[in-house]
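Text of the file entry-v3.csv, holding CSV, C-alpha atoms and all ligand atoms:
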```csv
chain,number,residue,atom,x,y,z
A,1,MET,CA,11.1,19.3,-15.6
A,2,PHE,CA,7.9,19.6,-17.7
A,3,TYR,CA,8.0,16.3,-19.5
A,4,MET,CA,8.8,14.3,-16.4
A,5,GLN,CA,5.9,16.1,-14.6
A,6,MET,CA,3.7,14.9,-17.5
A,7,ALA,CA,5.0,11.3,-17.1
A,8,LEU,CA,4.3,11.4,-13.4
A,9,LYS,CA,0.7,12.4,-14.1
A,10,GLU,CA,0.5,9.7,-16.6
A,11,ALA,CA,1.7,7.1,-14.1
A,12,VAL,CA,-1.2,7.4,-11.7
A,13,LYS,CA,-4.0,7.3,-14.2
A,14,ASP,CA,-5.0,3.8,-13.3
A,15,HIS,CA,-4.0,3.8,-9.7
A,16,PRO,CA,-4.9,1.4,-7.9
A,17,ARG,CA,-5.3,-1.2,-10.7
A,18,THR,CA,-1.5,-1.8,-10.8
A,19,TRP,CA,-1.8,-3.4,-7.3
A,20,LYS,CA,1.7,-4.7,-6.3
A,21,ASN,CA,3.3,-3.4,-9.5
A,22,PRO,CA,4.7,0.2,-9.5
A,23,LYS,CA,2.7,3.0,-11.1
A,24,VAL,CA,4.8,4.1,-14.1
A,25,GLY,CA,4.3,6.7,-16.8
A,26,ALA,CA,6.3,7.4,-20.0
A,27,VAL,CA,6.4,10.2,-22.5
A,28,ILE,CA,8.4,10.1,-25.8
A,29,VAL,CA,9.6,13.4,-27.1
A,30,LYS,CA,11.5,14.6,-30.2
A,31,ASP,CA,12.3,18.2,-31.2
A,32,ASP,CA,10.0,19.4,-28.4
A,33,GLN,CA,7.1,17.5,-29.9
A,34,ILE,CA,5.3,14.8,-27.8
A,35,LEU,CA,5.2,11.7,-30.0
A,36,ALA,CA,3.5,9.3,-27.5
A,37,ARG,CA,2.5,8.7,-23.9
A,38,GLY,CA,1.8,5.5,-22.0
A,39,HIS,CA,1.4,4.2,-18.5
A,40,HIS,CA,1.2,0.9,-16.7
A,41,GLU,CA,-2.5,0.2,-16.7
A,42,ILE,CA,-3.1,-3.0,-14.9
A,43,PHE,CA,-1.2,-5.6,-12.8
A,44,GLY,CA,0.4,-8.1,-15.1
A,45,GLY,CA,-0.2,-6.0,-18.2
A,46,PRO,CA,2.4,-4.3,-20.5
A,47,HIS,CA,4.8,-1.8,-18.8
A,48,ALA,CA,4.5,2.0,-19.3
A,49,GLU,CA,7.4,2.1,-21.8
A,50,VAL,CA,5.9,-0.6,-24.0
A,51,ASN,CA,2.5,1.2,-24.0
A,52,ALA,CA,4.2,4.5,-24.9
A,53,ILE,CA,6.1,2.8,-27.8
A,54,ASN,CA,3.0,1.1,-29.0
A,55,HIS,CA,1.2,4.5,-29.1
A,56,LEU,CA,3.7,5.9,-31.6
A,57,ALA,CA,2.1,6.9,-34.8
A,58,ASP,CA,5.0,5.2,-36.6
A,59,GLU,CA,8.0,3.7,-35.0
A,60,GLU,CA,10.4,5.4,-37.5
A,61,SER,CA,9.6,8.8,-35.9
A,62,ALA,CA,11.2,7.7,-32.6
A,63,GLN,CA,14.7,7.5,-34.1
A,64,GLY,CA,16.8,9.7,-31.9
A,65,ALA,CA,13.9,10.6,-29.6
A,66,THR,CA,14.0,11.0,-25.8
A,67,MET,CA,11.9,8.9,-23.4
A,68,TYR,CA,10.9,10.4,-20.0
A,69,VAL,CA,10.0,7.6,-17.8
A,70,THR,CA,9.2,7.8,-14.1
A,71,LEU,CA,10.9,4.5,-13.1
A,72,GLU,CA,14.1,2.9,-14.4
A,73,PRO,CA,13.2,0.7,-17.4
A,74,CYS,CA,13.3,-3.0,-16.6
A,75,SER,CA,16.0,-5.4,-18.0
A,76,HIS,CA,14.4,-8.7,-16.9
A,77,THR,CA,12.0,-11.0,-18.5
A,78,GLY,CA,9.1,-11.2,-16.0
A,79,LYS,CA,5.4,-11.2,-16.9
A,80,THR,CA,6.4,-9.2,-19.9
A,81,PRO,CA,9.7,-8.9,-22.0
A,82,PRO,CA,12.4,-6.4,-21.0
A,83,CYS,CA,11.6,-2.7,-21.7
A,84,ALA,CA,15.2,-1.6,-22.0
A,85,LYS,CA,15.7,-3.8,-25.0
A,86,MET,CA,12.6,-2.5,-26.7
A,87,ILE,CA,13.7,1.1,-26.1
A,88,VAL,CA,17.0,0.4,-27.8
A,89,GLU,CA,15.3,-1.4,-30.7
A,90,THR,CA,12.9,1.5,-31.2
A,91,GLY,CA,15.9,3.8,-31.8
A,92,ILE,CA,15.3,6.0,-28.7
A,93,THR,CA,18.7,7.5,-27.9
A,94,THR,CA,18.1,9.4,-24.5
A,95,VAL,CA,16.2,8.1,-21.5
A,96,VAL,CA,15.4,10.4,-18.6
A,97,ILE,CA,14.5,8.4,-15.5
A,98,GLY,CA,12.5,9.7,-12.5
A,99,GLU,CA,13.8,7.2,-10.1
A,100,VAL,CA,16.1,4.2,-10.0
A,101,ASP,CA,14.0,1.0,-9.5
A,102,PRO,CA,14.3,-0.3,-5.9
A,103,ASN,CA,13.4,-3.8,-7.1
A,104,PRO,CA,16.7,-5.8,-7.0
A,105,LEU,CA,15.6,-7.7,-10.1
A,106,VAL,CA,16.1,-4.4,-12.1
A,107,SER,CA,17.9,-1.9,-9.9
A,108,GLY,CA,20.8,-0.4,-11.9
A,109,LYS,CA,20.6,-3.2,-14.5
A,110,GLY,CA,18.2,-1.3,-16.7
A,111,ILE,CA,20.5,1.7,-16.7
A,112,GLU,CA,23.5,-0.5,-17.4
A,113,TYR,CA,21.7,-2.2,-20.4
A,114,LEU,CA,20.8,1.2,-21.9
A,115,GLU,CA,24.2,2.7,-21.5
A,116,SER,CA,26.0,-0.3,-22.9
A,117,HIS,CA,23.7,0.0,-25.9
A,118,HIS,CA,24.8,3.7,-26.4
A,119,VAL,CA,21.7,5.2,-25.0
A,120,LYS,CA,22.3,8.4,-22.9
A,121,VAL,CA,20.7,8.1,-19.5
A,122,ILE,CA,19.9,10.9,-17.2
A,123,VAL,CA,18.6,10.1,-13.7
A,124,LEU,CA,16.5,12.7,-11.9
A,125,ASN,CA,15.2,12.5,-8.3
A,126,THR,CA,11.4,12.7,-8.7
A,127,PRO,CA,10.0,9.7,-6.7
A,128,LEU,CA,6.3,9.2,-7.1
A,129,ALA,CA,4.4,9.2,-3.8
A,130,ALA,CA,1.9,6.6,-5.1
A,131,ASN,CA,4.9,4.2,-5.1
A,132,ASP,CA,5.8,4.7,-1.5
A,133,ALA,CA,4.9,1.2,-0.4
A,134,TYR,CA,6.6,-0.4,-3.4
A,135,ARG,CA,9.8,1.6,-2.7
A,136,PHE,CA,9.7,1.0,1.1
A,137,TYR,CA,9.1,-2.7,0.7
A,138,PHE,CA,12.1,-3.3,-1.7
A,139,ARG,CA,14.4,-1.0,0.3
A,140,ASN,CA,13.6,-2.4,3.7
A,141,HIS,CA,12.0,-5.8,3.2
A,142,ARG,CA,9.1,-4.6,5.3
A,143,PRO,CA,5.6,-3.6,4.4
A,144,LEU,CA,4.7,0.1,4.6
A,145,ILE,CA,2.5,0.2,7.7
A,146,THR,CA,-0.3,2.7,8.2
A,147,LEU,CA,-2.2,2.9,11.5
A,148,LYS,CA,-5.7,4.2,11.0
A,149,TYR,CA,-8.3,5.2,13.6
A,150,ALA,CA,-11.3,7.5,13.9
A,151,MET,CA,-11.5,9.4,17.3
A,152,THR,CA,-13.4,12.0,19.1
A,153,ALA,CA,-12.0,15.5,19.9
A,154,ASP,CA,-10.8,14.0,23.2
A,155,GLY,CA,-9.0,11.1,21.6
A,156,ARG,CA,-11.5,8.3,22.4
A,157,ILE,CA,-12.7,5.6,20.1
A,158,ASN,CA,-15.6,4.0,22.0
A,159,PHE,CA,-18.0,5.6,24.4
A,160,SER,CA,-18.7,2.6,26.5
A,161,ASN,CA,-16.6,-0.5,26.8
A,162,GLY,CA,-17.6,-3.4,24.6
A,163,GLN,CA,-19.9,-1.4,22.4
A,164,ARG,CA,-19.2,0.2,19.0
A,165,SER,CA,-19.7,3.9,18.7
A,166,ARG,CA,-20.5,5.6,15.4
A,167,LEU,CA,-18.0,8.4,15.0
A,168,THR,CA,-17.3,9.8,11.6
A,169,GLY,CA,-19.6,10.7,8.6
A,170,GLN,CA,-20.0,9.4,5.1
A,171,GLU,CA,-17.1,11.3,3.6
A,172,ALA,CA,-14.6,9.9,6.1
A,173,PHE,CA,-16.1,6.5,5.5
A,174,ASN,CA,-15.5,6.8,1.8
A,175,ASP,CA,-12.0,8.1,2.3
A,176,ASN,CA,-11.3,5.0,4.5
A,177,GLN,CA,-12.5,2.8,1.6
A,178,ASP,CA,-9.9,4.4,-0.6
A,179,LEU,CA,-7.3,3.7,2.0
A,180,ARG,CA,-8.3,0.0,2.0
A,181,GLN,CA,-8.3,-0.1,-1.8
A,182,ASN,CA,-4.7,1.0,-1.8
A,183,THR,CA,-3.4,-1.5,0.7
A,184,GLN,CA,-2.6,-5.2,0.3
A,185,ALA,CA,-3.5,-6.4,3.8
A,186,ILE,CA,-5.6,-5.1,6.7
A,187,LEU,CA,-5.2,-6.1,10.3
A,188,VAL,CA,-7.3,-5.9,13.4
A,189,GLY,CA,-7.2,-7.4,16.9
A,190,MET,CA,-9.7,-9.6,18.8
A,191,ASN,CA,-11.6,-6.9,20.5
A,192,THR,CA,-12.4,-5.1,17.2
A,193,LEU,CA,-13.5,-8.4,15.8
A,194,LYS,CA,-15.8,-9.1,18.8
A,195,ILE,CA,-17.2,-5.5,19.2
A,196,ASP,CA,-17.4,-4.3,15.6
A,197,ASP,CA,-17.8,-7.7,13.7
A,198,PRO,CA,-16.3,-6.0,10.7
A,199,GLU,CA,-15.9,-7.4,7.1
A,200,LEU,CA,-12.8,-5.3,6.4
A,201,THR,CA,-13.7,-5.3,2.7
A,202,VAL,CA,-13.9,-2.5,0.2
A,203,ARG,CA,-17.7,-1.9,-0.1
A,204,ASN,CA,-18.0,-1.2,-3.8
A,205,GLY,CA,-15.9,-4.2,-4.6
A,206,ALA,CA,-12.1,-4.1,-4.6
A,207,ILE,CA,-10.2,-4.3,-7.8
A,208,PHE,CA,-7.7,-6.5,-6.1
A,209,SER,CA,-8.9,-8.0,-2.8
A,210,LEU,CA,-7.3,-7.6,0.5
A,211,ILE,CA,-5.8,-10.2,2.7
A,212,ARG,CA,-7.7,-9.7,6.0
A,213,ILE,CA,-5.8,-10.5,9.2
A,214,VAL,CA,-6.8,-10.9,12.8
A,215,VAL,CA,-4.3,-11.3,15.5
A,216,THR,CA,-5.1,-13.1,18.7
A,217,HIS,CA,-3.3,-14.5,21.8
A,218,ASN,CA,-6.2,-16.8,22.5
A,219,VAL,CA,-7.3,-18.6,19.4
A,220,ASP,CA,-10.2,-20.4,21.2
A,221,GLU,CA,-11.9,-17.1,21.7
A,222,ILE,CA,-12.5,-16.8,18.0
A,223,LYS,CA,-16.0,-17.3,16.7
A,224,PHE,CA,-16.0,-18.4,13.1
A,225,SER,CA,-19.6,-17.1,12.8
A,226,ASN,CA,-18.1,-13.6,12.6
A,227,LYS,CA,-18.7,-11.8,9.3
A,228,LEU,CA,-15.0,-11.7,8.6
A,229,PHE,CA,-14.8,-15.5,8.4
A,230,GLN,CA,-18.2,-15.9,6.7
A,231,THR,CA,-17.0,-13.7,3.8
A,232,ALA,CA,-13.6,-15.4,3.4
A,233,THR,CA,-13.0,-16.3,-0.3
A,234,LYS,CA,-10.0,-17.6,-2.3
A,235,GLU,CA,-9.3,-14.0,-3.5
A,236,SER,CA,-9.9,-12.3,-0.2
A,237,PRO,CA,-8.8,-14.9,2.4
A,238,VAL,CA,-8.7,-14.4,6.2
A,239,TRP,CA,-5.5,-15.1,8.1
A,240,VAL,CA,-5.5,-15.6,11.8
A,241,MET,CA,-2.2,-15.0,13.5
A,242,ALA,CA,-2.7,-17.1,16.5
A,243,ASN,CA,-0.8,-18.6,19.5
A,244,GLN,CA,-1.9,-22.2,18.6
A,245,ASP,CA,-4.2,-24.2,16.3
A,246,PRO,CA,-7.9,-23.9,17.4
A,247,GLN,CA,-9.9,-26.8,18.7
A,248,LYS,CA,-12.8,-26.0,16.3
A,249,THR,CA,-13.0,-26.7,12.5
A,250,VAL,CA,-11.5,-23.9,10.5
A,251,PRO,CA,-13.7,-22.6,7.7
A,252,GLU,CA,-12.5,-22.7,4.1
A,253,ASN,CA,-10.2,-19.8,3.0
A,254,VAL,CA,-9.2,-19.1,6.6
A,255,LYS,CA,-5.6,-19.8,7.3
A,256,ILE,CA,-4.2,-20.2,10.8
A,257,ILE,CA,-0.6,-19.0,11.2
A,258,VAL,CA,0.8,-20.2,14.5
A,259,LYS,CA,3.5,-18.5,16.5
A,260,SER,CA,3.7,-18.4,20.3
A,261,GLY,CA,4.4,-14.7,20.5
A,262,TRP,CA,3.1,-12.5,17.7
A,263,THR,CA,4.6,-9.0,17.9
A,264,ALA,CA,4.3,-6.0,15.6
A,265,ALA,CA,7.8,-6.7,14.5
A,266,ASN,CA,7.4,-10.4,13.6
A,267,ILE,CA,4.0,-9.7,11.9
A,268,SER,CA,5.8,-7.2,9.7
A,269,GLU,CA,8.6,-9.6,9.0
A,270,TYR,CA,6.2,-12.5,8.2
A,271,LEU,CA,4.2,-10.3,5.8
A,272,ALA,CA,7.4,-9.1,4.0
A,273,ASP,CA,8.4,-12.7,3.6
A,274,VAL,CA,5.2,-13.5,1.8
A,275,GLY,CA,5.5,-10.4,-0.5
A,276,ILE,CA,3.1,-8.0,1.1
A,277,GLN,CA,4.1,-4.4,0.5
A,278,SER,CA,1.5,-2.5,2.5
A,279,LEU,CA,-0.5,-3.1,5.7
A,280,LEU,CA,-3.3,-1.1,7.2
A,281,VAL,CA,-3.8,-1.5,10.9
A,282,GLU,CA,-7.4,-0.6,11.8
A,283,GLY,CA,-7.4,-1.2,15.5
A,284,GLY,CA,-8.4,-1.6,18.2
A,285,SER,CA,-6.6,0.3,21.0
A,286,GLN,CA,-4.4,-2.6,22.1
A,287,VAL,CA,-3.2,-3.6,18.6
A,288,LEU,CA,-2.6,0.1,17.6
A,289,ASN,CA,-0.6,0.5,20.8
A,290,GLN,CA,1.5,-2.6,20.1
A,291,PHE,CA,2.5,-1.1,16.7
A,292,VAL,CA,3.2,2.3,18.3
A,293,ALA,CA,5.2,0.9,21.3
A,294,GLU,CA,7.3,-1.2,18.9
A,295,LYS,CA,7.6,1.8,16.5
A,296,GLN,CA,6.5,-0.5,13.8
A,297,PHE,CA,4.6,2.0,11.6
A,298,ASN,CA,5.3,4.6,8.9
A,299,ARG,CA,2.3,6.7,9.0
A,300,ILE,CA,-0.9,7.4,10.9
A,301,VAL,CA,-4.2,8.4,9.3
A,302,THR,CA,-6.7,9.7,11.8
A,303,TYR,CA,-10.2,11.1,11.4
A,304,VAL,CA,-11.1,13.5,14.2
A,305,THR,CA,-14.9,13.9,14.8
A,306,PRO,CA,-16.5,16.7,16.7
A,307,LEU,CA,-17.6,14.7,19.8
A,308,LEU,CA,-16.4,14.4,23.3
A,309,PHE,CA,-16.7,11.1,25.1
A,310,GLY,CA,-15.0,11.9,28.4
A,311,ASN,CA,-12.8,10.1,30.7
A,312,GLN,CA,-14.7,6.8,31.0
A,313,ALA,CA,-14.4,6.1,27.3
A,314,LEU,CA,-11.8,4.0,25.6
A,315,PRO,CA,-8.8,6.0,24.3
A,316,VAL,CA,-7.0,5.4,21.0
A,317,LEU,CA,-4.1,3.6,22.7
A,318,THR,CA,-4.2,1.3,25.7
A,319,GLY,CA,-1.4,-0.9,27.1
A,320,ILE,CA,2.2,-0.3,27.7
A,321,GLY,CA,3.2,3.3,27.4
A,322,LEU,CA,6.1,4.9,25.6
A,323,GLN,CA,9.5,5.4,27.1
A,324,GLU,CA,9.7,8.9,25.6
A,325,PRO,CA,7.6,11.1,23.3
A,326,LEU,CA,7.6,9.9,19.7
A,327,LYS,CA,7.9,12.6,17.2
A,328,LEU,CA,5.7,12.7,14.1
A,329,SER,CA,5.6,15.1,11.2
A,330,LEU,CA,2.3,16.4,9.9
A,331,ALA,CA,1.9,15.3,6.2
A,332,SER,CA,-1.6,16.6,5.5
A,333,VAL,CA,-4.8,18.1,6.9
A,334,GLU,CA,-8.1,17.8,5.1
A,335,THR,CA,-11.7,18.6,6.0
A,336,LEU,CA,-14.2,15.8,5.2
A,337,ALA,CA,-17.6,17.3,5.9
A,338,ASN,CA,-17.7,17.6,9.7
A,339,ASP,CA,-14.6,15.5,10.3
A,340,VAL,CA,-10.9,16.3,9.9
A,341,LYS,CA,-8.4,13.9,8.4
A,342,LEU,CA,-4.9,14.2,9.7
A,343,VAL,CA,-2.0,12.3,8.2
A,344,PHE,CA,1.2,12.0,10.3
A,345,GLU,CA,4.5,10.4,9.3
A,346,ARG,CA,7.2,9.0,11.5
A,347,SER,CA,10.0,11.4,11.6
A,348,ASN,CA,12.6,9.2,13.2
A,401,LIG,C1,5.5,-2.6,-14.1
A,401,LIG,N1,5.1,-1.6,-14.9
A,401,LIG,O1,5.5,0.1,-16.2
A,401,LIG,C2,7.3,-1.0,-15.2
A,401,LIG,C3,7.7,-2.0,-14.3
A,401,LIG,O2,6.2,-8.8,-13.1
A,401,LIG,P1,6.5,-7.9,-14.2
A,401,LIG,O3,7.2,-8.6,-15.4
A,401,LIG,O4,5.4,-7.0,-14.7
A,401,LIG,O5,7.6,-6.9,-13.7
A,401,LIG,C4,7.4,-6.1,-12.7
A,401,LIG,C5,8.7,-5.2,-12.4
A,401,LIG,O6,9.0,-4.6,-13.6
A,401,LIG,C6,8.5,-4.1,-11.4
A,401,LIG,O7,8.7,-4.6,-10.1
A,401,LIG,C7,9.6,-3.2,-11.8
A,401,LIG,O8,10.8,-3.6,-11.3
A,401,LIG,C8,9.6,-3.3,-13.3
A,401,LIG,N2,9.0,-2.2,-14.1
A,401,LIG,N3,6.8,-2.8,-13.8
A,401,LIG,O9,4.6,-3.4,-13.5
A,401,LIG,C9,5.9,-0.8,-15.5
A,401,LIG,N4,8.2,-0.2,-15.8
A,402,ZN,ZN,9.5,-3.0,-18.1
```

If you convert what's in this file into structure tokens, what do you get?
Amino acid sequence: MFYMQMALKEAVKDHPRTWKNPKVGAVIVKDDQILARGHHEIFGGPHAEVNAINHLADEESAQGATMYVTLEPCSHTGKTPPCAKMIVETGITTVVIGEVDPNPLVSGKGIEYLESHHVKVIVLNTPLAANDAYRFYFRNHRPLITLKYAMTADGRINFSNGQRSRLTGQEAFNDNQDLRQNTQAILVGMNTLKIDDPELTVRNGAIFSLIRIVVTHNVDEIKFSNKLFQTATKESPVWVMANQDPQKTVPENVKIIVKSGWTAANISEYLADVGIQSLLVEGGSQVLNQFVAEKQFNRIVTYVTPLLFGNQALPVLTGIGLQEPLKLSLASVETLANDVKLVFERSN
């Protein structure tokens, strides 16, 4: 449907500034004329419906109009007042919705409010891909997990043990920055911390900072002199998922979360409980393997670079193997200068 397509395009205009909030677009139409458009611009700001209504040249003109909105209008008073009420008060008599809101605070209640106030509601099935994590989180109480790695044409990530290899080019690097910008938390294991000494930040400055996580089975191996800990701030803290509290003094903005046996499953559960909708796992081979072996992931993003490292080099996955082949579906293929980006999704 033409107007819904327009609303969907509207929705992603300020992606990723909406952060944990859904990306939403709205278009108000009457007699085949577009009266106004609006989208959710920034986390905590007015909702798309309100922005569209506020963009009307005069509110009178919306009497009997139709609103196309990509997500079910809300009926709750949260950071902003309920949109469904404002829609009714504006005199809009038909609302076409792209997707029922998976957030239990709203889900179905917005539609109920509109219908009980004599607004005709039509629900389409046009889910917005940019809200995949939002949707997955509310439906499953789990973050959407993306595994990311760069590898050679023979599936290796480091040429020699204990040393970082430069693999992909600038375009793939930039693409990875976008991935980071669109996730709420990023996780690595101890080997990556030791070998790469990464910051795990968004280089040009994140709009909303990431929670950076390191998982370890031996907390005393941690060196707080690593860049990760040195760059910990209130906005972008570092969490250590550890087996026990360390002997050393923990720097500011570093939180130690103790559990004797961290697994991919209970990491995912913990993150869901604290409201994290998306997680990017950036390695290394043991941590990636743990998420694969436990089937705790939704998608894989890999950058393949034209190099061969050979048999002595570290492969993408090390550790316990799989019981049987795990089927993936190919979501996209993209060339980034000399590298190829492949995105796979879990198919079962
Ligand atoms: C948005 N933008 O355009 C729409 C939303 O915390 P609040 O008060 O901003 O409410 C967030 C919830 O409101 C969100 O999870 C979704 O259920 C509903 N609709 N949210 O941020 C919007 N339409
Ligand atoms: Zn709303």

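Comparing A:Asn161, A:Ser116, A:Gln63, A:Gln277 by their smallest distance to ligand LIG 401 (chain A), the closest is A:Gln277 (using all atoms listed in the file).
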
Subject >> Cut-off 8 Å around (19.8, 1.4, -18.9) with all atoms listed in the file: residues as a ChimeraX atom specification >> reply: /A:72-73,75,84,108-116,119,121

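Counting all atoms listed in the file, Ala313 in chain A has the following residues at most 8 Å away, ignoring those fewer than 2 positions along the same chain: Arg156, Ile157, Asn158, Phe159, Ser160, Asn161, Phe309, Gly310, Asn311 and Pro315 of chain A.
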
Please, could you write that set of residues out with C-alpha atoms as a CSV table (one decimal), in the frame of the given file?
```csv
chain,number,residue,atom,x,y,z
A,156,ARG,CA,-11.5,8.3,22.4
A,157,ILE,CA,-12.7,5.6,20.1
A,158,ASN,CA,-15.6,4.0,22.0
A,159,PHE,CA,-18.0,5.6,24.4
A,160,SER,CA,-18.7,2.6,26.5
A,161,ASN,CA,-16.6,-0.5,26.8
A,309,PHE,CA,-16.7,11.1,25.1
A,310,GLY,CA,-15.0,11.9,28.4
A,311,ASN,CA,-12.8,10.1,30.7
A,315,PRO,CA,-8.8,6.0,24.3
```

Original post:
Any idea what's packed within 9 Å of Asn338 in chain A, counting only C-alpha atoms, ignoring anything in its chain fewer than 5 positions away? Could you give it as a PyMOL selection string?
Top reply: chain A and resi 168-169+171+304-306

Original post:
Could you name the residues that touch range 233-244 of chain A at 7 Å or less, counting only C-alpha atoms, but leaving out those on the same chain fewer than 3 positions away, as an NGL selection string?
Top reply: :A and (209-219 or 229 or 253-261)

Nearby residues (only C-alpha atoms) at most 10 Å from Thr126 in chain A, same-chain spacing under 3 positions excluded, as an mmCIF file with C-alpha atoms, in the frame of the given file:
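Contents of the output file around_7.cif:
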```
data_model
loop_
_atom_site.group_PDB
_atom_site.id
_atom_site.type_symbol
_atom_site.label_atom_id
_atom_site.label_comp_id
_atom_site.auth_asym_id
_atom_site.auth_seq_id
_atom_site.Cartn_x
_atom_site.Cartn_y
_atom_site.Cartn_z
ATOM 1 C CA MET A 1 11.100 19.300 -15.600
ATOM 2 C CA MET A 4 8.800 14.300 -16.400
ATOM 3 C CA GLN A 5 5.900 16.100 -14.600
ATOM 4 C CA LEU A 8 4.300 11.400 -13.400
ATOM 5 C CA THR A 70 9.200 7.800 -14.100
ATOM 6 C CA LEU A 71 10.900 4.500 -13.100
ATOM 7 C CA ILE A 97 14.500 8.400 -15.500
ATOM 8 C CA GLY A 98 12.500 9.700 -12.500
ATOM 9 C CA GLU A 99 13.800 7.200 -10.100
ATOM 10 C CA VAL A 100 16.100 4.200 -10.000
ATOM 11 C CA VAL A 123 18.600 10.100 -13.700
ATOM 12 C CA ALA A 129 4.400 9.200 -3.800
#
```

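Considering the residues A:Leu307, A:Ala153, A:Cys74, A:Val12 and counting all atoms listed in the file, ligand ZN 402 (chain A) has its shortest atom-to-atom contact with A:Cys74.
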
Original post:
Counting all atoms listed in the file, which protein, DNA or RNA residues come within 12 Å of ligand ZN 402 (chain A), given as a count of residues only?
Top reply: 44

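Proximity of A:Ser61, A:Thr66, A:Asn131, A:Thr183 to ligand LIG 401 (chain A), computed with only C-alpha atoms and all ligand atoms, is greatest for A:Asn131.
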
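Comparing the minimum interatomic distances between ligand LIG 401 (chain A) and each of A:Gly284, A:Gly205, A:Gly155, A:Pro104, counting all atoms listed in the file, we find that A:Pro104 sits nearest.
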
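Going from CA of Asp154 in chain A to CA of Gln312 in chain A covers 11.3 Å.
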
Subject >> Among listed residues A:Arg135, A:Lys327, A:Lys120, A:Lys9, nearest ligand LIG 401 (chain A) (using all atoms listed in the file) >> reply: A:Arg135

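With CA of Ala130 in chain A on one side and atom N4 of ligand LIG 401 (chain A) on the other, the separation reads 14.2 Å.
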
Original post:
Of the residues A:Leu167, A:Val287, A:Leu280, A:Val250, which is the one nearest to Gln184 in chain A, using only C-alpha atoms?
Top reply: A:Leu280
